[in-house]
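Read the structure below first, then the notes.
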Amino acid sequence: MSFLFYAGGVVALISTLLVILQTNVVHALIYLVLSLLAVAVVFFSLGAPFVALLEAIVYAGAIMVLFLFVVMMLNLGQTTREQEKAWLPTKVWFVPVVLATILLIGLLSSFPVNSIEVAEVGVMEVSGLLFGPYVLAVELASFLLLAGLISAYHLAKSR
Amino acid sequence: MTWEIGSGLSIGAILLVVIVTAAMLIWVERRLLGFWQDRLGPNRVGPFGLLQVVADMIKIFTKEDWIPPFADRFSFVLAPTIIMIVILMSFSVIPFAPGLGVVDSNVGILFVLAMASLGAYSVMLGGLASDNKYALLGSLRAAAQMVSYEVFMGVSLLGVVALAGSFNLREIVIAQEGGWYVIPQFVGFVIFLIAGIAESHRLPFDIPEAEQEICAGYHTEYSGMKFGMFFVGEYLGLVLISSLITVLFFGGWNGPALLPPIVWFSAKAFFFIAFFILLRAAIPRPRYDQLMSYGWLFLLPLSLVNLLVTGAVILMQI
């Protein structure tokens, strides 16, 4: 399990980095999907298969599909790629990389080194929590989604 | 090497049988369509035309595998592999018989749904990378259709999950020993069937690749084995949907003891494969907007009501 955890983590880090570095927006989206799937593997290796699959269904399978759907209609081509290249020359990278490295060293040195404790959390336990102590949060989140839905409907209908 | 769940032998055997079945469906579908449309179908190569599949495979492998110069190579090559991978991965949670399967997962149904939602990338990337207006139209249609019908597919399954009290497909089959779920969950079954056709975009819901309107849709620019992977992927999807219907609503391997469980499973799955082919022969294609409004305005409310009633009945029985 700890091999899965580190493998998923490394894939997630590399693919997220590639999301930023890509100049082709479709390739960036593919790497973002890969990164989300790798995070799902991390969740799975930590004993949360339900959350892992929800991550895959909701983020990788639904939200990213809608992103790609929008990109398909934008007709991005060579000009956008060149624009992206112009925005990310090497000299822009230098200072952020140094600063981020300092932060990373600080973060790594302050981590307690423990072995990963895996406690399997099944579907029943998660559902029990969602409809028990956290039911208010679930309802609030559904209000938010409903508000988003109605606003999107209004924007599309306004003509 | 033993025949237990997850052993190398059973994984290899399942992979082989599933892929060979999907390939053989190329012939089965054309013969059955010929039968229902009162003509012969392919009957020249080998006995009953059985070697037609071999001929088709030789043709597909030796064709020029051409990538258009204007295409986005990375996505263009990636797209056909996605559909094969996600559908073959979905077979890993299918319980074929007692003690025969790849994994016995507690979140089996969710895994299938996750893989089905990732399958949408195949058609979307394929159409987008082709840089062809028909392909783009096809993949736009596919994206909207697959994202929409995934919703009803998931909701229609929840009745079965609530009755069995588990996401584990093996436990769902065992829970059906007393009676198949098609009887209490008939509405769920019909919705799942319709959503399944739309997810595997077969006729009558093959709007993403409607030949008469948009050439071949998202795979217009594909040739050779890349096209073959889309083609076989579609048949794999058909086998998957039929297996899922068998497992979820028709008791999986359960049946009278005169035949072994795997035979019951295969017979039920084949019945649904033949039913899907009959649908293709019998029903014309709806218009794109009809498909979408039918889904959102009819199937979604119906599946929610089905879930609500199922939940109420289960609560009353406790």
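In the structure tokens, chains take letters A, B, ... by order of appearance, with residues numbered from 1 within each chain and ligands from 1 in the order shown.
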TODO: Report as number ranges by chain the set of chain A residues whose atoms approach chain B to within 12 Å, with distances computed over only C-alpha atoms.
DONE: A: 24-31, 33-34, 36-37, 40, 44, 48-78, 120-124
Open item on the list: Can you pull out the residues contacting stretch 157-160 of chain B? Cut-off 7 Å, using only C-alpha atoms, and skip same-chain residues under 4 positions away; I want them as a list in words.
Closed with: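 Returned residues: Met153, Ala164, Tyr181, Gln185, Gly188, Leu248, Leu307 and Thr310 of chain B.
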Task: Minimum-distance residue to B:Ile67, chosen among B:Ile19, B:Val190, B:Met225, B:Ala175 (using only C-alpha atoms) - done: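 Answer, going by the shortest atom-to-atom distance: B:Met225.
Within the 9 Å cut-off around stretch 32-43 of chain B, using only C-alpha atoms and omitting residues fewer than 4 positions from it on the same chain, the listed residues are Trp27, Val28, Pro47, Phe48, Gly49, Leu50, Gln52, Ala274, Ile277, Leu278, Arg280, Ala281 and Ala282 of chain B.
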TODO: Just list the residues in stretch 89-270 of chain B DSSP gives helix (DSSP H, G or I) on the backbone, as a ChimeraX atom specification.
DONE: /B:89-93,108-130,133-164,169-178,186-199,207-209,211-214,217-219,224-249,261-270
With C-alpha atoms retained, could you export that selection as a tab-separated table (two decimals), in the first residue's frame?
```tsv
chain	number	residue	atom	x	y	z
B	89	MET	CA	-10.68	-2.32	-16.64
B	90	SER	CA	-14.44	-2.35	-15.97
B	91	PHE	CA	-14.52	-6.10	-16.60
B	92	SER	CA	-12.24	-6.57	-13.59
B	93	VAL	CA	-15.13	-6.14	-11.13
B	108	GLY	CA	-17.48	-2.42	-7.73
B	109	ILE	CA	-20.42	-0.45	-9.15
B	110	LEU	CA	-18.71	2.88	-8.48
B	111	PHE	CA	-15.61	1.60	-10.25
B	112	VAL	CA	-17.65	0.74	-13.35
B	113	LEU	CA	-19.28	4.18	-13.27
B	114	ALA	CA	-15.89	5.87	-12.90
B	115	MET	CA	-14.52	3.96	-15.87
B	116	ALA	CA	-17.62	4.75	-17.93
B	117	SER	CA	-17.19	8.45	-17.22
B	118	LEU	CA	-13.52	8.30	-18.24
B	119	GLY	CA	-14.60	6.62	-21.48
B	120	ALA	CA	-16.02	9.97	-22.60
B	121	TYR	CA	-12.45	11.26	-23.09
B	122	SER	CA	-11.85	8.73	-25.81
B	123	VAL	CA	-14.50	10.08	-28.15
B	124	MET	CA	-13.91	13.71	-27.17
B	125	LEU	CA	-10.15	13.64	-27.66
B	126	GLY	CA	-10.53	11.58	-30.83
B	127	GLY	CA	-12.81	14.15	-32.40
B	128	LEU	CA	-10.90	17.15	-31.14
B	129	ALA	CA	-7.47	15.88	-32.19
B	130	SER	CA	-8.69	15.02	-35.70
B	133	LYS	CA	-15.41	19.58	-38.57
B	134	TYR	CA	-17.44	16.37	-38.76
B	135	ALA	CA	-15.26	14.75	-36.12
B	136	LEU	CA	-15.64	17.80	-33.88
B	137	LEU	CA	-19.43	17.78	-34.26
B	138	GLY	CA	-19.46	14.09	-33.47
B	139	SER	CA	-17.40	14.46	-30.35
B	140	LEU	CA	-19.41	17.46	-29.13
B	141	ARG	CA	-22.52	15.33	-29.43
B	142	ALA	CA	-20.78	12.40	-27.76
B	143	ALA	CA	-19.62	14.54	-24.84
B	144	ALA	CA	-23.08	15.94	-24.13
B	145	GLN	CA	-24.75	12.56	-24.60
B	146	MET	CA	-22.33	10.60	-22.42
B	147	VAL	CA	-22.23	13.17	-19.60
B	148	SER	CA	-26.04	13.32	-19.53
B	149	TYR	CA	-26.76	9.61	-19.69
B	150	GLU	CA	-24.12	8.82	-17.05
B	151	VAL	CA	-26.35	10.63	-14.56
B	152	PHE	CA	-29.41	8.44	-15.17
B	153	MET	CA	-27.24	5.37	-15.39
B	154	GLY	CA	-25.91	6.02	-11.89
B	155	VAL	CA	-29.29	6.93	-10.40
B	156	SER	CA	-31.07	3.93	-11.95
B	157	LEU	CA	-28.56	1.59	-10.27
B	158	LEU	CA	-29.15	2.99	-6.81
B	159	GLY	CA	-32.39	1.07	-6.40
B	160	VAL	CA	-30.49	-2.20	-6.81
B	161	VAL	CA	-27.77	-0.97	-4.45
B	162	ALA	CA	-30.38	-0.07	-1.83
B	163	LEU	CA	-32.10	-3.47	-2.13
B	164	ALA	CA	-28.86	-5.44	-1.90
B	169	LEU	CA	-21.35	-6.78	-7.52
B	170	ARG	CA	-20.65	-10.26	-6.13
B	171	GLU	CA	-22.84	-9.58	-3.10
B	172	ILE	CA	-25.55	-8.17	-5.36
B	173	VAL	CA	-25.60	-11.47	-7.30
B	174	ILE	CA	-25.74	-13.49	-4.07
B	175	ALA	CA	-28.57	-11.27	-2.79
B	176	GLN	CA	-30.59	-12.22	-5.88
B	177	GLU	CA	-30.70	-15.93	-5.05
B	178	GLY	CA	-34.27	-15.49	-3.79
B	186	PHE	CA	-38.23	-2.96	-13.54
B	187	VAL	CA	-38.18	0.82	-14.04
B	188	GLY	CA	-34.52	0.92	-13.01
B	189	PHE	CA	-33.79	-1.87	-15.48
B	190	VAL	CA	-35.42	-0.04	-18.40
B	191	ILE	CA	-33.60	3.21	-17.59
B	192	PHE	CA	-30.29	1.37	-17.23
B	193	LEU	CA	-30.85	-0.36	-20.56
B	194	ILE	CA	-31.54	2.92	-22.36
B	195	ALA	CA	-28.63	4.68	-20.64
B	196	GLY	CA	-26.41	1.73	-21.50
B	197	ILE	CA	-27.16	2.05	-25.19
B	198	ALA	CA	-26.46	5.77	-25.03
B	199	GLU	CA	-23.19	5.23	-23.12
B	207	ILE	CA	-25.74	10.09	-32.79
B	208	PRO	CA	-21.99	10.84	-32.26
B	209	GLU	CA	-21.17	8.72	-35.31
B	211	GLU	CA	-23.09	8.21	-40.85
B	212	GLN	CA	-25.85	9.93	-42.76
B	213	GLU	CA	-25.39	13.27	-41.00
B	214	ILE	CA	-21.73	13.65	-40.04
B	217	GLY	CA	-18.42	11.32	-36.44
B	218	TYR	CA	-15.49	11.32	-34.07
B	219	HIS	CA	-13.55	8.56	-35.86
B	224	GLY	CA	-6.14	0.92	-39.59
B	225	MET	CA	-5.82	-0.47	-36.10
B	226	LYS	CA	-6.65	2.85	-34.42
B	227	PHE	CA	-10.06	2.68	-36.03
B	228	GLY	CA	-10.13	-1.02	-35.11
B	229	MET	CA	-9.71	-0.12	-31.46
B	230	PHE	CA	-12.70	2.23	-31.55
B	231	PHE	CA	-14.61	-0.47	-33.38
B	232	VAL	CA	-13.74	-3.32	-30.99
B	233	GLY	CA	-14.10	-0.91	-28.05
B	234	GLU	CA	-17.71	-0.37	-29.02
B	235	TYR	CA	-18.35	-4.13	-29.03
B	236	LEU	CA	-16.51	-4.47	-25.72
B	237	GLY	CA	-18.87	-1.81	-24.37
B	238	LEU	CA	-21.80	-3.86	-25.62
B	239	VAL	CA	-20.49	-6.98	-23.84
B	240	LEU	CA	-19.91	-4.92	-20.69
B	241	ILE	CA	-23.41	-3.43	-20.64
B	242	SER	CA	-24.97	-6.87	-21.23
B	243	SER	CA	-22.88	-8.38	-18.44
B	244	LEU	CA	-23.85	-5.55	-16.10
B	245	ILE	CA	-27.56	-5.98	-16.84
B	246	THR	CA	-27.16	-9.72	-16.18
B	247	VAL	CA	-25.37	-9.12	-12.89
B	248	LEU	CA	-27.53	-6.29	-11.58
B	249	PHE	CA	-31.02	-7.26	-12.66
B	261	PRO	CA	-23.04	-21.02	-13.27
B	262	ILE	CA	-20.74	-19.67	-15.97
B	263	VAL	CA	-23.08	-21.09	-18.64
B	264	TRP	CA	-26.05	-19.29	-17.09
B	265	PHE	CA	-24.07	-16.06	-16.97
B	266	SER	CA	-22.96	-16.36	-20.60
B	267	ALA	CA	-26.43	-17.33	-21.81
B	268	LYS	CA	-28.06	-14.33	-20.10
B	269	ALA	CA	-25.35	-11.96	-21.30
B	270	PHE	CA	-25.65	-13.27	-24.85
```
Open item on the list: Which residues are close to A:Glu84, i.e. within 10 Å by only C-alpha atoms, leaving aside same-chain residues fewer than 2 positions away? Reply as a ChimeraX atom specification.
Closed with: /A:21-25,78-82,86-89
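Rounded to one decimal, atom CA of A:Pro112 and atom CA of A:Phe43 lie 19.9 Å from each other.
With atom CA of B:Gly311 on one side and atom CA of B:Gly251 on the other, the separation reads 20.8 Å.
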